[in-house]
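> I'm passing along input_19.cif; it holds mmCIF, C-alpha atoms.
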data_my_file
loop_
_atom_site.label_atom_id
_atom_site.label_comp_id
_atom_site.auth_asym_id
_atom_site.auth_seq_id
_atom_site.Cartn_x
_atom_site.Cartn_y
_atom_site.Cartn_z
CA MET A 11 0.00 0.00 0.00
CA GLU A 12 1.34 3.39 -0.97
CA GLN A 13 2.37 5.47 1.99
CA THR A 14 0.74 8.92 2.26
CA LEU A 15 2.05 11.99 4.00
CA ASP A 16 0.07 13.81 6.70
CA VAL A 17 1.89 17.09 7.32
CA ASN A 18 -0.11 17.66 10.49
CA GLU A 19 1.73 14.73 12.10
CA ILE A 20 5.22 15.99 11.29
CA VAL A 21 5.56 18.89 13.73
CA GLU A 22 3.26 19.81 16.56
CA ILE A 23 3.52 23.18 18.28
CA LYS A 24 3.36 22.30 21.95
CA GLN A 25 3.47 25.70 23.66
CA LEU A 26 4.17 29.38 22.99
CA PRO A 27 5.46 31.76 25.68
CA GLU A 28 2.57 33.26 27.59
CA ILE A 29 3.14 36.93 26.78
CA TYR A 30 -0.18 38.28 25.57
CA GLN A 31 -1.75 38.78 29.02
CA GLN A 32 1.46 40.43 30.14
CA LEU A 33 1.21 42.86 27.24
CA ASP A 34 -2.25 43.79 28.43
CA LYS A 35 -0.73 44.80 31.76
CA VAL A 36 2.01 46.75 30.00
CA ASN A 37 -0.59 48.56 27.96
CA GLU A 38 -2.50 49.57 31.09
CA LEU A 39 0.68 50.99 32.62
CA ILE A 40 1.62 52.96 29.50
CA VAL A 41 -1.88 54.42 29.15
CA GLU A 42 -1.72 55.51 32.77
CA LYS A 43 1.69 57.16 32.28
CA THR A 44 0.69 59.03 29.10
CA LYS A 45 -2.90 60.01 29.81
CA ASN A 46 -1.98 63.52 31.03
CA ILE A 47 0.19 64.49 28.04
CA ASP A 48 -2.56 66.22 26.04
CA GLU A 49 -3.77 68.14 29.08
CA THR A 50 -0.22 69.28 29.88
CA LEU A 51 0.26 70.56 26.31
CA LYS A 52 -2.99 72.53 26.47
CA GLU A 53 -1.95 74.22 29.71
CA LEU A 54 1.44 75.08 28.24
CA SER A 55 -0.07 77.59 25.79
CA LYS A 56 -1.50 79.60 28.72
CA LEU A 57 1.82 80.06 30.49
CA SER A 58 4.24 82.99 30.19
CA ASP A 59 7.61 82.60 28.48
CA GLU A 60 9.38 82.12 31.79
CA GLU A 61 6.81 79.59 32.99
CA GLN A 62 7.00 77.74 29.65
CA GLU A 63 10.79 77.46 29.98
CA GLU A 64 10.41 75.99 33.46
CA LYS A 65 7.67 73.65 32.24
CA LYS A 66 9.86 72.60 29.32
CA GLN A 67 12.42 71.14 31.68
CA GLU A 68 9.72 69.05 33.36
CA ILE A 69 8.50 67.87 29.94
CA LYS A 70 12.05 66.85 28.98
CA LYS A 71 12.32 64.75 32.12
CA TYR A 72 8.95 63.22 31.32
CA ARG A 73 10.11 62.38 27.76
CA THR A 74 13.34 60.86 29.12
CA TYR A 75 11.29 58.64 31.43
CA LEU A 76 9.09 57.43 28.55
CA ASN A 77 12.13 56.79 26.33
CA SER A 78 13.68 54.74 29.12
CA MET A 79 10.48 52.70 29.42
CA LYS A 80 10.42 52.19 25.66
CA SER A 81 14.05 51.06 25.62
CA GLU A 82 13.44 48.50 28.37
CA LEU A 83 10.38 47.13 26.58
CA GLU A 84 12.23 46.92 23.25
CA ASN A 85 15.08 45.00 24.85
CA LYS A 86 12.58 42.61 26.36
CA ARG A 87 10.80 42.20 23.03
CA LYS A 88 14.10 41.29 21.33
CA GLU A 89 14.85 38.83 24.08
CA ILE A 90 11.46 37.16 23.66
CA LYS A 91 11.83 37.08 19.87
CA LYS A 92 15.22 35.43 20.19
CA ALA A 93 13.81 32.86 22.59
CA ILE A 94 10.95 32.09 20.22
CA GLN A 95 13.13 32.20 17.10
CA LYS A 96 15.80 29.80 18.34
CA PRO A 97 13.73 26.59 18.36
CA TYR A 98 12.21 27.56 15.01
CA ASP A 99 15.64 28.12 13.45
CA GLU A 100 16.73 24.72 14.73
CA PHE A 101 13.61 23.13 13.27
CA GLU A 102 14.06 24.92 9.91
CA ASN A 103 17.66 23.69 9.53
CA ILE A 104 16.62 20.10 10.20
CA TYR A 105 13.55 20.48 7.94
CA LYS A 106 15.69 21.69 5.04
CA ASP A 107 18.22 18.90 5.50
CA LYS A 108 15.72 16.08 5.96
CA ALA A 109 12.87 17.16 3.66
CA LEU A 110 13.13 20.30 1.53
CA ASN A 111 16.60 19.72 0.04
CA VAL A 112 15.80 16.09 -0.76
CA LEU A 113 12.56 17.06 -2.49
CA ASP A 114 14.28 19.87 -4.43
CA GLU A 115 16.95 17.48 -5.67
CA GLY A 116 14.32 15.07 -6.99
CA ILE A 117 12.25 17.87 -8.54
CA ASN A 118 15.31 19.36 -10.25
CA LYS A 119 16.25 16.00 -11.78
CA LEU A 120 12.74 15.53 -13.14
CA SER A 121 12.65 19.14 -14.43
CA SER A 122 15.96 18.60 -16.25
CA VAL A 123 14.61 15.48 -17.96
CA ILE A 124 11.41 17.30 -18.97
CA SER A 125 13.46 20.24 -20.30
CA ASP A 126 15.63 17.93 -22.44
CA ILE A 127 12.57 16.22 -23.91
CA GLU A 128 10.83 19.53 -24.68
CA GLN A 129 14.00 20.97 -26.22
CA LYS A 130 14.21 18.00 -28.59
CA GLN A 131 10.52 18.37 -29.44
CA LEU A 132 11.00 22.06 -30.11
CA GLN A 133 14.05 21.47 -32.30
CA LYS A 134 12.17 18.83 -34.29
CA LYS A 135 9.33 21.31 -34.86
CA TYR A 136 11.82 24.03 -35.83
CA ASP A 137 13.56 21.73 -38.36
CA GLU A 138 10.25 20.72 -39.95
CA LEU A 139 9.08 24.31 -40.24
CA THR A 140 12.43 25.38 -41.71
CA LEU A 141 12.11 22.75 -44.44
CA PHE A 142 8.50 23.78 -45.07
CA PHE A 143 9.52 27.44 -45.36
CA ASN A 144 12.39 26.66 -47.74
CA GLU A 145 9.99 24.90 -50.09
CA TYR A 146 7.61 27.86 -50.23
CA GLN A 147 10.52 30.27 -50.43
CA THR A 148 11.70 28.50 -53.59
CA PHE A 149 8.18 28.14 -54.99
CA TYR A 150 7.54 31.90 -54.79
CA HIS A 151 11.10 32.85 -55.82
CA ILE A 152 11.72 34.96 -52.73
CA GLU A 153 14.95 33.28 -51.61
CA ASN A 154 16.97 36.49 -51.77
CA LEU A 155 14.32 38.61 -50.11
CA VAL A 156 13.28 36.91 -46.87
CA SER A 157 14.82 34.44 -44.42
CA PHE A 158 13.36 32.16 -41.76
CA ALA A 159 14.22 34.78 -39.12
CA ASP A 160 11.88 37.24 -40.90
CA LEU A 161 8.83 35.06 -40.28
CA PRO A 162 6.29 36.71 -37.96
CA ILE A 163 5.70 33.50 -35.98
CA LYS A 164 6.46 32.32 -32.46
CA ILE A 165 7.51 28.68 -32.28
CA ASN A 166 6.58 26.92 -29.05
CA LEU A 167 5.21 23.57 -27.96
CA SER A 168 1.68 24.83 -27.42
CA THR A 169 1.14 26.08 -31.01
CA SER A 170 0.37 23.29 -33.48
CA LEU A 171 2.45 22.58 -36.58
CA GLU A 172 -0.62 23.06 -38.77
CA SER A 173 -1.20 26.55 -37.41
CA LEU A 174 2.45 27.57 -37.84
CA LYS A 175 2.62 26.17 -41.38
CA LYS A 176 -0.50 28.10 -42.29
CA GLN A 177 1.11 31.32 -41.04
CA ILE A 178 4.28 30.60 -43.06
CA LYS A 179 2.28 29.91 -46.23
CA GLU A 180 0.25 33.11 -45.84
CA PHE A 181 3.40 35.15 -45.24
CA CYS A 182 5.14 33.78 -48.36
CA GLU A 183 2.02 34.43 -50.46
CA LYS A 184 1.85 37.98 -49.17
CA ILE A 185 5.50 38.63 -50.04
CA SER A 186 4.94 37.21 -53.53
CA ASN A 187 1.88 39.38 -54.15
CA ASP A 188 3.71 42.43 -52.86
CA MET A 189 6.59 41.73 -55.27
CA ILE A 190 4.18 41.64 -58.20
CA ALA A 191 2.66 44.94 -57.13
CA ILE A 192 6.03 46.60 -56.52
CA SER A 193 7.38 45.54 -59.91
CA SER A 194 4.69 47.66 -61.62
CA GLU A 195 5.45 50.79 -59.59
CA GLU A 196 7.27 53.80 -61.05
CA PHE A 197 9.96 53.77 -58.37
CA SER A 198 10.05 49.98 -57.95
CA ASN A 199 13.71 49.69 -56.86
CA GLU A 200 13.35 52.36 -54.20
CA ILE A 201 10.07 50.92 -52.94
CA LEU A 202 11.62 47.43 -52.75
CA PHE A 203 14.53 48.77 -50.71
CA GLU A 204 12.15 50.57 -48.33
CA TYR A 205 9.91 47.48 -48.22
CA LYS A 206 12.74 45.26 -46.99
CA ASP A 207 13.89 47.91 -44.53
CA ASN A 208 10.50 48.54 -42.87
CA GLY A 209 9.61 44.91 -42.21
CA PHE A 210 7.75 44.07 -45.46
CA ASP A 211 4.99 46.70 -45.32
CA TYR A 212 4.20 47.42 -48.99
CA THR A 213 1.73 50.27 -48.46
CA LYS A 214 3.99 52.09 -46.04
CA ALA A 215 7.00 51.64 -48.35
CA LYS A 216 5.09 53.02 -51.34
CA ILE A 217 3.82 56.06 -49.44
CA THR A 218 7.30 56.77 -48.06
CA VAL A 219 8.93 56.73 -51.52
CA ILE A 220 6.16 58.77 -53.18
CA ASN A 221 6.33 61.38 -50.42
CA LYS A 222 10.10 61.55 -50.85
CA HIS A 223 9.82 62.18 -54.59
CA GLU A 224 7.09 64.76 -54.11
CA MET A 225 9.34 66.59 -51.66
CA LEU A 226 12.29 66.40 -54.06
CA GLU A 227 10.13 67.73 -56.90
CA LYS A 228 8.94 70.59 -54.73
CA ILE A 229 12.52 71.48 -53.77
CA LYS A 230 13.58 71.32 -57.44
CA LYS A 231 10.74 73.64 -58.46
CA GLU A 232 11.57 76.12 -55.70
CA GLN A 233 15.23 76.11 -56.77
CA GLU A 234 14.28 76.74 -60.41
CA GLU A 235 11.96 79.58 -59.41
CA LEU A 236 14.67 81.11 -57.26
CA LYS A 237 17.21 80.75 -60.07
CA SER A 238 14.79 82.41 -62.53
CA LYS A 239 14.12 85.27 -60.12
CA VAL A 240 17.82 85.84 -59.52
CA SER A 241 18.43 85.78 -63.28
CA GLU A 242 15.71 88.38 -63.86
CA GLU A 243 17.08 90.61 -61.13
CA GLN A 244 20.57 90.31 -62.56
CA MET A 245 19.29 91.27 -66.00
CA VAL A 246 17.55 94.35 -64.60
CA ILE A 247 20.71 95.32 -62.73
CA GLU A 248 22.74 95.03 -65.90
CA ASN A 249 20.19 97.15 -67.79
CA VAL A 250 20.29 99.80 -65.07
CA ALA A 251 24.09 99.73 -65.12
CA THR A 252 24.08 100.22 -68.88
CA LEU A 253 21.53 103.00 -68.59
CA CYS A 254 23.51 104.78 -65.90
CA SER A 255 26.89 104.48 -67.61
CA ALA A 256 26.15 107.10 -70.31
CA PRO A 257 26.83 110.84 -69.79
CA ILE A 258 23.97 113.00 -68.54
CA GLU A 259 21.69 114.04 -71.38
CA ILE A 260 18.45 115.91 -70.83
CA GLN A 261 15.86 116.13 -73.57
CA GLU A 262 12.55 117.84 -73.27
CA GLU A 263 9.48 116.77 -75.20
CA LEU A 264 6.03 118.23 -74.97
CA GLU A 265 3.02 115.98 -75.17
CA GLU A 266 -0.24 117.78 -75.04
CA ASP A 267 -0.48 119.06 -71.42
CA GLU A 268 2.37 117.07 -69.66
CA GLU A 269 6.12 117.64 -69.89
CA ILE A 270 8.25 114.51 -70.44
CA ILE A 271 11.95 114.65 -69.44
CA GLU A 272 14.52 112.00 -70.43
CA ALA A 273 17.73 111.76 -68.36
CA SER A 274 20.83 109.50 -68.37
CA PHE A 275 23.22 109.27 -65.42
CA THR A 276 25.74 106.96 -63.70
CA ILE A 277 25.02 105.33 -60.30
CA ARG A 278 27.62 103.75 -57.98
CA THR A 279 26.12 101.89 -55.04
CA THR A 280 25.41 98.38 -53.67
CA ARG A 281 23.34 95.71 -55.41
CA ASP A 282 20.68 95.91 -52.71
CA LYS A 283 20.25 99.64 -53.15
CA ILE A 284 20.01 99.27 -56.94
CA LEU A 285 17.18 96.75 -56.45
CA ARG A 286 15.43 99.20 -54.16
CA LEU A 287 15.91 101.91 -56.82
CA ILE A 288 14.31 99.64 -59.42
CA ASP A 289 11.34 99.06 -57.11
CA TYR A 290 11.02 102.81 -56.63
CA LEU A 291 11.07 103.44 -60.40
CA LYS A 292 8.34 100.86 -60.86
CA GLU A 293 6.31 102.35 -58.04
CA MET A 294 6.58 105.85 -59.55
CA GLU A 295 5.72 104.47 -63.02
CA ILE A 296 8.96 105.82 -64.46
CA ASP A 297 10.07 104.13 -67.67
CA TYR A 298 13.69 103.01 -67.86
CA GLU A 299 15.89 100.93 -70.16
#
Give the structure from this file in structure tokens form.

Amino acid sequence: MEQTLDVNEIVEIKQLPEIYQQLDKVNELIVEKTKNIDETLKELSKLSDEEQEEKKQEIKKYRTYLNSMKSELENKRKEIKKAIQKPYDEFENIYKDKALNVLDEGINKLSSVISDIEQKQLQKKYDELTLFFNEYQTFYHIENLVSFADLPIKINLSTSLESLKKQIKEFCEKISNDMIAISSEEFSNEILFEYKDNGFDYTKAKITVINKHEMLEKIKKEQEELKSKVSEEQMVIENVATLCSAPIEIQEELEEDEEIIEASFTIRTTRDKILRLIDYLKEMEIDYE
């Protein structure tokens, strides 16, 4: 007949030190010694400075007395704890040696055997899934694009082979479909590079590349506009310089009721000021060549 274990028969607690009723007595004494503290503090606020100083000395003595009582009680508590703790410590040492350590040794041996078996089972599953992936990798011609480590699956003993193979098949089909879509894109090489870099997200890769090209096109357009504007300004400056390089000549022409004056002169100043002069001439509606 198999022997069973009744833990209630192993150790019986015979007796604990009788301290609780003694603590009740201690509590009564402490309450008696501290009951007048609040009343003393209330009276203190009514005393003069000199009387408070005198009362303070009494309070200090009172505090010293209570601290002494506390110290004695704490020492006794530690003594009791040590007395109680000693037999328990002795029991715990024997318990570990005779029971716990022996059980742990057996449990550890069994756990090691279970771990070895599960590791072999896991490796067998890993090898089978690797072979399965390689076949689909070749079938979809994605050998140079993805590896087994790229698979979004978690291999463990609880997940069935059928479920993991289904995930592998769906992943390979997705990659293949994405490759077909990417090959028809305008910036296919750039999208493919981004696709591999971002974890095989086709939509995100496409948007990223398109946004990049739109930004580059915008920058190119802004640069061309700036170049055209600078070229126009330079042409105007050159025209003004040519206009201003001739000697001063003043001609007067009469047109109906308004006098028109033509003048030529030379200007020496900065480029910025010449541009401001051109703006002024335009603002005043003055013709110049």
> Please compute the CA of Asn118 (chain A)-CA of Lys135 (chain A) distance, one decimal, in Å.
25.4 Å
> Tyr205 (chain A): which residues within 9 Å, counting all atoms listed in the file, same-chain residues fewer than 5 positions away excluded, as a ChimeraX atom specification?
/A:200,210-216
> Would you list the contacts of Lys80 (chain A) as a VMD selection string, taking every protein, DNA or RNA residue within 12 Å and counting only C-alpha atoms, but skipping same-chain residues closer than 6 positions in sequence?
chain A and resid 36 to 37 40 73 to 74 86 to 87
> One decimal, Å: what's the distance from CA of Gln233 (chain A) over to CA of Met245 (chain A), could you say?
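Result for CA of Gln233 (chain A) versus CA of Met245 (chain A): 18.2 Å, one decimal.
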> Tell me, in Å to one decimal, how far CA of Thr218 (chain A) is from CA of Ile201 (chain A).
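Between CA of Thr218 (chain A) and CA of Ile201 (chain A) the gap works out to 8.1 Å.
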> Exactly which residues make up the result of the PyMOL selection byres ((chain A and resi 146) around 12) on this file, given as a list in words?
Leu139, Thr140, Leu141, Phe142, Phe143, Asn144, Glu145, Gln147, Thr148, Phe149, Tyr150, His151, Ile152, Glu153, Val156, Ser157, Phe158, Lys175, Lys176, Gln177, Ile178, Lys179, Glu180, Phe181, Cys182, Glu183, Lys184, Ile185 and Ser186 of chain A
> Between A:Tyr136, A:Phe203, A:Tyr290, A:Tyr98, single out the one closest to Ala159 (chain A), counting all atoms listed in the file.
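Checking each candidate against Ala159 (chain A), we get A:Tyr136 as the closest.
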> Which one is closest to Tyr72 (chain A): A:Asn46, A:Glu232, A:Asn199, A:Ser194? Count only C-alpha atoms.
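Of all the options, A:Asn46 lies closest to Tyr72 (chain A).
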> Pull N, CA and C atoms for region 144-163 of chain A from the block and write them as an mmCIF file, in the first residue's frame.

data_model
loop_
_atom_site.group_PDB
_atom_site.id
_atom_site.type_symbol
_atom_site.label_atom_id
_atom_site.label_comp_id
_atom_site.auth_asym_id
_atom_site.auth_seq_id
_atom_site.Cartn_x
_atom_site.Cartn_y
_atom_site.Cartn_z
ATOM 1 N N ASN A 144 11.474 26.692 -46.590
ATOM 2 C CA ASN A 144 12.389 26.663 -47.736
ATOM 3 C C ASN A 144 11.668 26.264 -49.021
ATOM 4 N N GLU A 145 10.741 25.336 -48.915
ATOM 5 C CA GLU A 145 9.991 24.903 -50.088
ATOM 6 C C GLU A 145 9.135 26.035 -50.644
ATOM 7 N N TYR A 146 8.441 26.742 -49.771
ATOM 8 C CA TYR A 146 7.606 27.857 -50.225
ATOM 9 C C TYR A 146 8.456 29.044 -50.670
ATOM 10 N N GLN A 147 9.598 29.203 -50.051
ATOM 11 C CA GLN A 147 10.518 30.267 -50.433
ATOM 12 C C GLN A 147 10.978 30.069 -51.880
ATOM 13 N N THR A 148 11.284 28.831 -52.219
ATOM 14 C CA THR A 148 11.704 28.505 -53.588
ATOM 15 C C THR A 148 10.520 28.601 -54.554
ATOM 16 N N PHE A 149 9.371 28.137 -54.134
ATOM 17 C CA PHE A 149 8.180 28.139 -54.992
ATOM 18 C C PHE A 149 7.805 29.563 -55.411
ATOM 19 N N TYR A 150 7.914 30.506 -54.487
ATOM 20 C CA TYR A 150 7.540 31.897 -54.789
ATOM 21 C C TYR A 150 8.719 32.755 -55.238
ATOM 22 N N HIS A 151 9.895 32.149 -55.353
ATOM 23 C CA HIS A 151 11.101 32.854 -55.819
ATOM 24 C C HIS A 151 11.421 34.079 -54.941
ATOM 25 N N ILE A 152 11.412 33.852 -53.657
ATOM 26 C CA ILE A 152 11.716 34.955 -52.733
ATOM 27 C C ILE A 152 12.922 34.602 -51.856
ATOM 28 N N GLU A 153 13.803 33.741 -52.391
ATOM 29 C CA GLU A 153 14.952 33.282 -51.607
ATOM 30 C C GLU A 153 15.863 34.425 -51.183
ATOM 31 N N ASN A 154 16.049 35.392 -52.060
ATOM 32 C CA ASN A 154 16.972 36.495 -51.773
ATOM 33 C C ASN A 154 16.316 37.657 -51.042
ATOM 34 N N LEU A 155 15.058 37.501 -50.733
ATOM 35 C CA LEU A 155 14.323 38.611 -50.113
ATOM 36 C C LEU A 155 14.049 38.393 -48.632
ATOM 37 N N VAL A 156 13.635 37.184 -48.266
ATOM 38 C CA VAL A 156 13.276 36.910 -46.867
ATOM 39 C C VAL A 156 14.007 35.669 -46.373
ATOM 40 N N SER A 157 14.200 35.607 -45.059
ATOM 41 C CA SER A 157 14.818 34.438 -44.420
ATOM 42 C C SER A 157 13.866 33.901 -43.355
ATOM 43 N N PHE A 158 14.212 32.766 -42.795
ATOM 44 C CA PHE A 158 13.363 32.159 -41.757
ATOM 45 C C PHE A 158 13.197 33.094 -40.566
ATOM 46 N N ALA A 159 14.261 33.859 -40.266
ATOM 47 C CA ALA A 159 14.216 34.783 -39.125
ATOM 48 C C ALA A 159 13.217 35.908 -39.341
ATOM 49 N N ASP A 160 12.833 36.166 -40.606
ATOM 50 C CA ASP A 160 11.881 37.241 -40.901
ATOM 51 C C ASP A 160 10.437 36.825 -40.658
ATOM 52 N N LEU A 161 10.204 35.537 -40.462
ATOM 53 C CA LEU A 161 8.828 35.059 -40.284
ATOM 54 C C LEU A 161 8.191 35.629 -39.018
ATOM 55 N N PRO A 162 6.971 36.144 -39.131
ATOM 56 C CA PRO A 162 6.285 36.708 -37.957
ATOM 57 C C PRO A 162 5.565 35.631 -37.152
ATOM 58 N N ILE A 163 6.304 34.601 -36.734
ATOM 59 C CA ILE A 163 5.698 33.502 -35.985
ATOM 60 C C ILE A 163 6.497 33.256 -34.708
#
